[in-house]
>>> print(open('data_19.cif').read())   # mmCIF, C-alpha atoms
data_target
loop_
_atom_site.label_atom_id
_atom_site.label_comp_id
_atom_site.auth_asym_id
_atom_site.auth_seq_id
_atom_site.Cartn_x
_atom_site.Cartn_y
_atom_site.Cartn_z
CA MET A 1 -106.23 -96.16 -150.28
CA LEU A 2 -108.20 -93.42 -148.50
CA HIS A 3 -105.40 -93.15 -145.96
CA ARG A 4 -102.86 -92.55 -148.74
CA LEU A 5 -105.14 -90.05 -150.50
CA SER A 6 -105.85 -88.10 -147.32
CA GLY A 7 -102.12 -88.16 -146.55
CA ILE A 8 -101.22 -86.72 -149.98
CA ALA A 9 -103.93 -84.07 -149.60
CA LEU A 10 -102.53 -83.11 -146.18
CA VAL A 11 -98.97 -82.89 -147.57
CA LEU A 12 -100.28 -80.53 -150.30
CA TYR A 13 -102.06 -78.53 -147.60
CA LEU A 14 -98.81 -78.34 -145.58
CA ILE A 15 -97.00 -76.85 -148.60
CA LEU A 16 -99.87 -74.40 -149.16
CA HIS A 17 -99.91 -73.50 -145.45
CA LEU A 18 -96.18 -72.67 -145.50
CA ILE A 19 -96.72 -70.48 -148.57
CA VAL A 20 -99.71 -68.75 -146.95
CA ILE A 21 -97.97 -67.96 -143.67
CA SER A 22 -95.08 -66.48 -145.63
CA GLN A 23 -97.51 -63.55 -146.18
CA LEU A 24 -96.59 -62.61 -142.61
CA TYR A 25 -93.15 -61.64 -143.95
CA GLY A 26 -94.78 -58.71 -145.73
CA GLY A 27 -95.91 -57.08 -142.48
CA PRO A 28 -99.39 -56.22 -141.14
CA GLU A 29 -100.72 -54.65 -144.38
CA ARG A 30 -99.94 -57.69 -146.51
CA TRP A 31 -101.30 -60.03 -143.83
CA ASP A 32 -104.55 -58.04 -143.60
CA THR A 33 -104.95 -58.24 -147.37
CA PHE A 34 -104.61 -62.01 -147.14
CA LEU A 35 -107.08 -62.20 -144.22
CA LYS A 36 -109.67 -60.45 -146.40
CA LEU A 37 -109.36 -63.33 -148.85
CA THR A 38 -110.26 -65.77 -146.08
CA GLN A 39 -113.65 -64.04 -145.80
CA SER A 40 -114.72 -65.56 -149.12
CA PRO A 41 -117.41 -68.30 -148.92
CA PHE A 42 -114.93 -70.76 -150.43
CA PHE A 43 -112.60 -70.61 -147.44
CA PRO A 44 -114.85 -72.28 -144.79
CA VAL A 45 -115.46 -75.18 -147.22
CA PHE A 46 -111.70 -75.65 -147.43
CA ASP A 47 -111.46 -75.41 -143.62
CA VAL A 48 -114.11 -78.12 -143.18
CA LEU A 49 -112.39 -80.43 -145.71
CA LEU A 50 -109.11 -79.94 -143.87
CA PHE A 51 -110.76 -80.71 -140.51
CA GLY A 52 -112.37 -83.89 -141.86
CA GLY A 53 -109.14 -84.97 -143.58
CA VAL A 54 -107.07 -84.54 -140.42
CA ILE A 55 -109.58 -86.42 -138.23
CA PHE A 56 -109.91 -89.29 -140.73
CA HIS A 57 -106.15 -89.60 -141.30
CA GLY A 58 -105.34 -89.46 -137.58
CA LEU A 59 -107.93 -92.04 -136.53
CA ASN A 60 -107.15 -94.32 -139.46
CA GLY A 61 -103.44 -94.07 -138.64
CA LEU A 62 -104.20 -95.32 -135.11
CA ARG A 63 -106.29 -98.18 -136.59
CA LEU A 64 -103.50 -99.16 -139.01
CA THR A 65 -100.91 -99.06 -136.20
CA LEU A 66 -103.01 -101.39 -134.06
CA LEU A 67 -103.47 -103.73 -137.04
CA SER A 68 -99.72 -103.71 -137.77
CA LEU A 69 -99.08 -104.73 -134.17
CA GLY A 70 -101.51 -107.63 -134.57
CA TYR A 71 -104.37 -106.18 -132.53
CA VAL A 72 -108.04 -105.73 -133.50
CA LEU A 73 -107.59 -107.85 -136.65
CA ARG A 74 -111.13 -109.20 -136.37
CA TRP A 75 -112.65 -105.73 -136.09
CA GLN A 76 -110.65 -104.00 -138.78
CA LYS A 77 -113.62 -103.41 -141.12
CA LYS A 78 -115.89 -102.36 -138.28
CA LEU A 79 -113.21 -99.97 -137.03
CA PHE A 80 -112.89 -98.49 -140.52
CA TRP A 81 -116.62 -97.73 -140.63
CA LEU A 82 -116.50 -96.46 -137.06
CA ASN A 83 -113.67 -94.13 -138.12
CA LEU A 84 -115.77 -92.84 -141.03
CA ALA A 85 -118.76 -92.33 -138.73
CA VAL A 86 -116.70 -90.47 -136.09
CA THR A 87 -115.08 -88.33 -138.80
CA LEU A 88 -118.47 -87.49 -140.26
CA GLY A 89 -119.96 -86.74 -136.83
CA LEU A 90 -117.10 -84.47 -135.75
CA THR A 91 -117.05 -82.72 -139.14
CA ILE A 92 -120.79 -82.01 -138.92
CA GLY A 93 -120.17 -80.70 -135.39
CA TYR A 94 -117.41 -78.45 -136.73
CA ILE A 95 -119.71 -77.14 -139.48
CA LEU A 96 -122.32 -76.31 -136.83
CA VAL A 97 -119.70 -74.46 -134.75
CA LEU A 98 -118.61 -72.49 -137.84
CA LEU A 99 -122.22 -71.66 -138.68
CA GLY A 100 -122.81 -70.59 -135.07
CA ASN A 101 -119.93 -68.13 -135.34
CA MET B 1 -77.90 -92.18 -143.15
CA ARG B 2 -77.76 -95.59 -144.85
CA PHE B 3 -78.56 -97.32 -141.56
CA LEU B 4 -81.54 -95.05 -140.98
CA PHE B 5 -83.10 -95.55 -144.38
CA ASN B 6 -82.24 -99.24 -144.71
CA SER B 7 -83.98 -100.12 -141.48
CA GLY B 8 -87.62 -100.45 -142.48
CA ARG B 9 -88.67 -101.27 -138.94
CA LEU B 10 -86.99 -98.18 -137.54
CA ILE B 11 -88.71 -96.02 -140.18
CA TRP B 12 -92.05 -97.60 -139.29
CA VAL B 13 -91.43 -96.76 -135.60
CA PHE B 14 -90.57 -93.15 -136.57
CA GLN B 15 -93.72 -92.94 -138.68
CA VAL B 16 -95.95 -94.25 -135.87
CA LEU B 17 -94.35 -92.16 -133.11
CA SER B 18 -94.46 -88.97 -135.22
CA GLY B 19 -98.10 -89.76 -136.08
CA ILE B 20 -99.04 -90.13 -132.40
CA LEU B 21 -97.17 -86.91 -131.55
CA LEU B 22 -98.99 -85.15 -134.40
CA ILE B 23 -102.39 -85.96 -132.90
CA VAL B 24 -101.29 -84.01 -129.81
CA PHE B 25 -99.56 -81.22 -131.78
CA VAL B 26 -102.42 -80.73 -134.25
CA GLY B 27 -104.86 -80.49 -131.34
CA LEU B 28 -102.72 -77.91 -129.51
CA HIS B 29 -101.98 -75.94 -132.72
CA TRP B 30 -105.67 -75.84 -133.61
CA PHE B 31 -106.70 -74.79 -130.12
CA PHE B 32 -104.12 -72.03 -129.71
CA GLN B 33 -104.45 -70.68 -133.26
CA HIS B 34 -108.22 -70.42 -132.87
CA SER B 35 -107.82 -68.83 -129.45
CA ILE B 36 -105.71 -65.97 -130.90
CA ALA B 37 -107.91 -65.61 -133.98
CA GLY B 38 -110.67 -63.03 -134.05
CA LYS B 39 -113.71 -63.28 -136.28
CA GLY B 40 -111.69 -62.46 -139.38
CA GLY B 41 -108.64 -64.59 -138.57
CA PRO B 42 -105.57 -63.98 -136.39
CA ALA B 43 -104.38 -60.35 -136.43
CA TYR B 44 -100.70 -59.78 -137.25
CA ALA B 45 -99.94 -58.40 -133.77
CA ASN B 46 -101.55 -61.47 -132.14
CA VAL B 47 -99.41 -63.85 -134.22
CA VAL B 48 -96.24 -61.95 -133.28
CA THR B 49 -97.16 -61.84 -129.56
CA TYR B 50 -97.98 -65.57 -129.66
CA LEU B 51 -94.65 -66.53 -131.25
CA ARG B 52 -92.67 -64.32 -128.86
CA ARG B 53 -93.60 -66.57 -125.96
CA PRO B 54 -90.92 -69.30 -125.76
CA VAL B 55 -93.42 -72.06 -124.95
CA PHE B 56 -95.47 -71.36 -128.11
CA PHE B 57 -92.35 -70.81 -130.21
CA GLY B 58 -91.12 -74.23 -129.05
CA LEU B 59 -94.52 -75.81 -129.67
CA GLU B 60 -94.80 -74.49 -133.24
CA THR B 61 -91.23 -75.29 -134.29
CA THR B 62 -91.40 -78.82 -132.81
CA PHE B 63 -94.74 -79.28 -134.55
CA LEU B 64 -93.13 -78.21 -137.82
CA LEU B 65 -90.26 -80.69 -137.36
CA VAL B 66 -92.59 -83.60 -136.51
CA VAL B 67 -95.06 -82.84 -139.33
CA ILE B 68 -92.22 -82.67 -141.89
CA ILE B 69 -90.79 -86.02 -140.72
CA HIS B 70 -94.23 -87.67 -140.80
CA ALA B 71 -95.17 -86.20 -144.20
CA LEU B 72 -91.93 -87.13 -145.93
CA LEU B 73 -91.89 -90.66 -144.51
CA GLY B 74 -95.50 -90.99 -145.73
CA VAL B 75 -94.54 -89.86 -149.24
CA ARG B 76 -91.65 -92.36 -149.16
CA ALA B 77 -94.01 -95.17 -148.11
CA ILE B 78 -96.39 -94.36 -150.97
CA LEU B 79 -93.52 -94.36 -153.48
CA LEU B 80 -92.36 -97.73 -152.11
CA ASP B 81 -95.88 -99.10 -152.56
CA LEU B 82 -95.69 -98.04 -156.19
CA GLY B 83 -92.75 -100.41 -156.66
CA LEU B 84 -89.78 -98.06 -156.54
CA SER B 85 -86.40 -99.68 -157.38
CA ILE B 86 -83.61 -99.68 -154.78
CA ARG B 87 -81.55 -97.38 -157.03
CA ALA B 88 -84.45 -94.92 -157.35
CA LEU B 89 -85.13 -95.20 -153.62
CA ARG B 90 -81.65 -93.89 -152.85
CA TRP B 91 -82.36 -90.77 -154.89
CA VAL B 92 -85.78 -90.41 -153.29
CA ASN B 93 -84.22 -90.65 -149.80
CA TRP B 94 -81.79 -87.85 -150.57
CA GLY B 95 -84.47 -85.80 -152.31
CA LEU B 96 -86.81 -86.08 -149.33
CA LEU B 97 -84.00 -85.21 -146.94
CA ILE B 98 -83.22 -82.06 -148.95
CA VAL B 99 -86.92 -81.08 -149.22
CA GLY B 100 -87.42 -81.69 -145.49
CA THR B 101 -84.35 -79.69 -144.51
CA ALA B 102 -85.38 -76.82 -146.81
CA ALA B 103 -88.95 -76.79 -145.43
CA LEU B 104 -87.66 -76.83 -141.85
CA TRP B 105 -85.15 -74.05 -142.57
CA TYR B 106 -87.83 -71.94 -144.24
CA GLY B 107 -90.33 -72.46 -141.40
CA LEU B 108 -87.75 -71.77 -138.68
CA ARG B 109 -86.56 -68.61 -140.45
CA LEU B 110 -90.12 -67.32 -140.70
CA THR B 111 -90.95 -68.17 -137.08
CA LEU B 112 -87.73 -66.60 -135.80
CA ALA B 113 -88.29 -63.46 -137.89
CA LEU B 114 -91.84 -63.06 -136.54
CA ALA B 115 -90.77 -63.72 -132.95
CA HIS B 116 -88.27 -60.87 -133.26
CA VAL B 117 -90.54 -58.28 -134.86
CA LYS B 118 -90.33 -55.04 -132.85
CA GLY B 119 -93.38 -53.40 -131.39
#
>>> encode(input="data_19.cif", output="structure tokens")
Amino acid sequence: MLHRLSGIALVLYLILHLIVISQLYGGPERWDTFLKLTQSPFFPVFDVLLFGGVIFHGLNGLRLTLLSLGYVLRWQKKLFWLNLAVTLGLTIGYILVLLGN
Amino acid sequence: MRFLFNSGRLIWVFQVLSGILLIVFVGLHWFFQHSIAGKGGPAYANVVTYLRRPVFFGLETTFLLVVIIHALLGVRAILLDLGLSIRALRWVNWGLLIVGTAALWYGLRLTLALAHVKG
């Protein structure tokens, strides 16, 4: 379920990303206006959610692939929790990097 | 077309392979985009210079192709899980193909336009 949800969220992000980068069509002035928007406090929160979503979806995709091939069946729940822990750890690390900048 | 979409196993292989490729592409995209970005995000001139280099142009357009394939196959899998009929699935297949082609065309047009900006 979480894999599907994170996948849908990432598809919505992909659409948004394509719309956002279309601002580049408008030349440097329009792009700079958009970049000013990214300075809002809301933007890093979105960035962190995206980072966490990508890490979770990628790792869980690897877990599901291994399960589909008949591997790691006994550890599937443990691997799910490990995935959550790694996602959380890396996301906290990313937040610290962002705060450091 | 019918062969491609009727072969569930082949679609699964596409989904897995594109997913594995995406792990690499997302990592490279993230690294390079952050390396050209200043404190306030990537400047317009930096984006243009980046896309002018054939290796990065190739990287970004291939990334776009792979992410579109993976995303649309994922949407299709979710719709199948929801119990889509075979008749509806045919329409969904064509719809996703059209959406994917349009997204790829749009992305390629933008990337090509930026790679050819003068200055």
>>> atom_distance(input="data_19.cif", atom1="CA of Thr61 in chain B", atom2="CA of Leu108 in chain B")
6.6 Å
>>> closest_atom_pairs(input="data_19.cif", of="chain A", to="chain B", cutoff="7 Å", atoms="all atoms listed in the file", output="tab-separated table")
residue	atom	partner	partner_atom	distance
A:Val11	CA	B:Ala71	CA	6.1
A:Pro28	CA	B:Tyr44	CA	5.4
A:Trp31	CA	B:Tyr44	CA	6.6
A:Leu35	CA	B:Gly41	CA	6.3
A:Gln39	CA	B:Gly40	CA	6.9
A:Gly58	CA	B:Ile23	CA	6.5
A:Thr65	CA	B:Val16	CA	6.9
>>> write_last_selection(input="data_19.cif", atoms="C-alpha atoms", output="mmCIF file, in the coordinates of the input")
data_model
loop_
_atom_site.group_PDB
_atom_site.id
_atom_site.type_symbol
_atom_site.label_atom_id
_atom_site.label_comp_id
_atom_site.auth_asym_id
_atom_site.auth_seq_id
_atom_site.Cartn_x
_atom_site.Cartn_y
_atom_site.Cartn_z
ATOM 1 C CA VAL A 11 -98.970 -82.890 -147.570
ATOM 2 C CA PRO A 28 -99.390 -56.220 -141.140
ATOM 3 C CA TRP A 31 -101.300 -60.030 -143.830
ATOM 4 C CA LEU A 35 -107.080 -62.200 -144.220
ATOM 5 C CA GLN A 39 -113.650 -64.040 -145.800
ATOM 6 C CA GLY A 58 -105.340 -89.460 -137.580
ATOM 7 C CA THR A 65 -100.910 -99.060 -136.200
#
>>> atom_distance(input="data_19.cif", atom1="CA of Gly93 in chain A", atom2="CA of Phe63 in chain B")
25.5 Å
>>> atom_distance(input="data_19.cif", atom1="CA of Lys78 in chain A", atom2="CA of Gly52 in chain A")
19.1 Å
>>> residues_near_point(input="data_19.cif", point="(-95.3, -76.8, -126.5)", cutoff="12 Å", atoms="all atoms listed in the file", output="JSON, numbers by chain")
{"B": [21, 24, 25, 26, 27, 28, 29, 32, 50, 51, 53, 54, 55, 56, 57, 58, 59, 60, 61, 62, 63, 64]}
>>> closest_residue(input="data_19.cif", among="B:Gln33, B:Ser85, B:Thr49, B:Ser18", to="Ile69 in chain B", atoms="all atoms listed in the file")
B:Ser18
>>> residues_around(input="data_19.cif", residues="range 81-91 of chain A", least_positions_apart="3", cutoff="8 Å", atoms="all atoms listed in the file", output="JSON list (two decimals) with C-alpha atoms, keeping the file's coordinate frame")
[["chain", "number", "residue", "atom", "x", "y", "z"],
["A", 48, "VAL", "CA", -114.11, -78.12, -143.18],
["A", 51, "PHE", "CA", -110.76, -80.71, -140.51],
["A", 52, "GLY", "CA", -112.37, -83.89, -141.86],
["A", 55, "ILE", "CA", -109.58, -86.42, -138.23],
["A", 56, "PHE", "CA", -109.91, -89.29, -140.73],
["A", 59, "LEU", "CA", -107.93, -92.04, -136.53],
["A", 60, "ASN", "CA", -107.15, -94.32, -139.46],
["A", 77, "LYS", "CA", -113.62, -103.41, -141.12],
["A", 78, "LYS", "CA", -115.89, -102.36, -138.28],
["A", 94, "TYR", "CA", -117.41, -78.45, -136.73],
["A", 95, "ILE", "CA", -119.71, -77.14, -139.48]]
>>> residues_around(input="data_19.cif", residues="Val92 in chain B", least_positions_apart="4", cutoff="12 Å", atoms="only C-alpha atoms", output="number ranges by chain")
B: 5, 72-73, 75-80, 84-88, 96-100
>>> residues_near_point(input="data_19.cif", point="(-104.1, -78.2, -142.4)", cutoff="9 Å", atoms="only C-alpha atoms", output="list in words")
Leu10, Val11, Tyr13, Leu14, Leu16, His17, Asp47, Leu50, Phe51, Gly53 and Val54 of chain A; Val26 of chain B
>>> build_atoms(input="data_19.cif", residues="range 79-91 of chain A", atoms="N, CA and C atoms", output="PDB file, keeping the file's coordinate frame")
ATOM      1  N   LEU A  79    -113.935-101.166-137.486  1.00  0.00           N
ATOM      2  CA  LEU A  79    -113.210 -99.970-137.030  1.00  0.00           C
ATOM      3  C   LEU A  79    -113.079 -98.937-138.155  1.00  0.00           C
ATOM      4  N   PHE A  80    -112.963 -99.420-139.397  1.00  0.00           N
ATOM      5  CA  PHE A  80    -112.890 -98.490-140.520  1.00  0.00           C
ATOM      6  C   PHE A  80    -114.196 -97.697-140.630  1.00  0.00           C
ATOM      7  N   TRP A  81    -115.325 -98.415-140.537  1.00  0.00           N
ATOM      8  CA  TRP A  81    -116.620 -97.730-140.630  1.00  0.00           C
ATOM      9  C   TRP A  81    -116.866 -96.829-139.428  1.00  0.00           C
ATOM     10  N   LEU A  82    -116.384 -97.291-138.261  1.00  0.00           N
ATOM     11  CA  LEU A  82    -116.500 -96.460-137.060  1.00  0.00           C
ATOM     12  C   LEU A  82    -115.706 -95.159-137.247  1.00  0.00           C
ATOM     13  N   ASN A  83    -114.512 -95.300-137.842  1.00  0.00           N
ATOM     14  CA  ASN A  83    -113.670 -94.130-138.120  1.00  0.00           C
ATOM     15  C   ASN A  83    -114.412 -93.146-139.035  1.00  0.00           C
ATOM     16  N   LEU A  84    -115.023 -93.700-140.095  1.00  0.00           N
ATOM     17  CA  LEU A  84    -115.770 -92.840-141.030  1.00  0.00           C
ATOM     18  C   LEU A  84    -116.921 -92.130-140.306  1.00  0.00           C
ATOM     19  N   ALA A  85    -117.619 -92.900-139.442  1.00  0.00           N
ATOM     20  CA  ALA A  85    -118.760 -92.330-138.730  1.00  0.00           C
ATOM     21  C   ALA A  85    -118.312 -91.219-137.770  1.00  0.00           C
ATOM     22  N   VAL A  86    -117.205 -91.482-137.041  1.00  0.00           N
ATOM     23  CA  VAL A  86    -116.700 -90.470-136.090  1.00  0.00           C
ATOM     24  C   VAL A  86    -116.238 -89.229-136.854  1.00  0.00           C
ATOM     25  N   THR A  87    -115.544 -89.462-137.977  1.00  0.00           N
ATOM     26  CA  THR A  87    -115.080 -88.330-138.800  1.00  0.00           C
ATOM     27  C   THR A  87    -116.256 -87.490-139.264  1.00  0.00           C
ATOM     28  N   LEU A  88    -117.274 -88.191-139.761  1.00  0.00           N
ATOM     29  CA  LEU A  88    -118.470 -87.490-140.260  1.00  0.00           C
ATOM     30  C   LEU A  88    -119.155 -86.713-139.136  1.00  0.00           C
ATOM     31  N   GLY A  89    -119.294 -87.371-137.975  1.00  0.00           N
ATOM     32  CA  GLY A  89    -119.960 -86.740-136.830  1.00  0.00           C
ATOM     33  C   GLY A  89    -119.222 -85.484-136.369  1.00  0.00           C
ATOM     34  N   LEU A  90    -117.891 -85.620-136.218  1.00  0.00           N
ATOM     35  CA  LEU A  90    -117.100 -84.470-135.750  1.00  0.00           C
ATOM     36  C   LEU A  90    -117.087 -83.354-136.795  1.00  0.00           C
ATOM     37  N   THR A  91    -117.067 -83.742-138.076  1.00  0.00           N
ATOM     38  CA  THR A  91    -117.050 -82.720-139.140  1.00  0.00           C
ATOM     39  C   THR A  91    -118.376 -81.956-139.160  1.00  0.00           C
TER      40      THR A  91
END
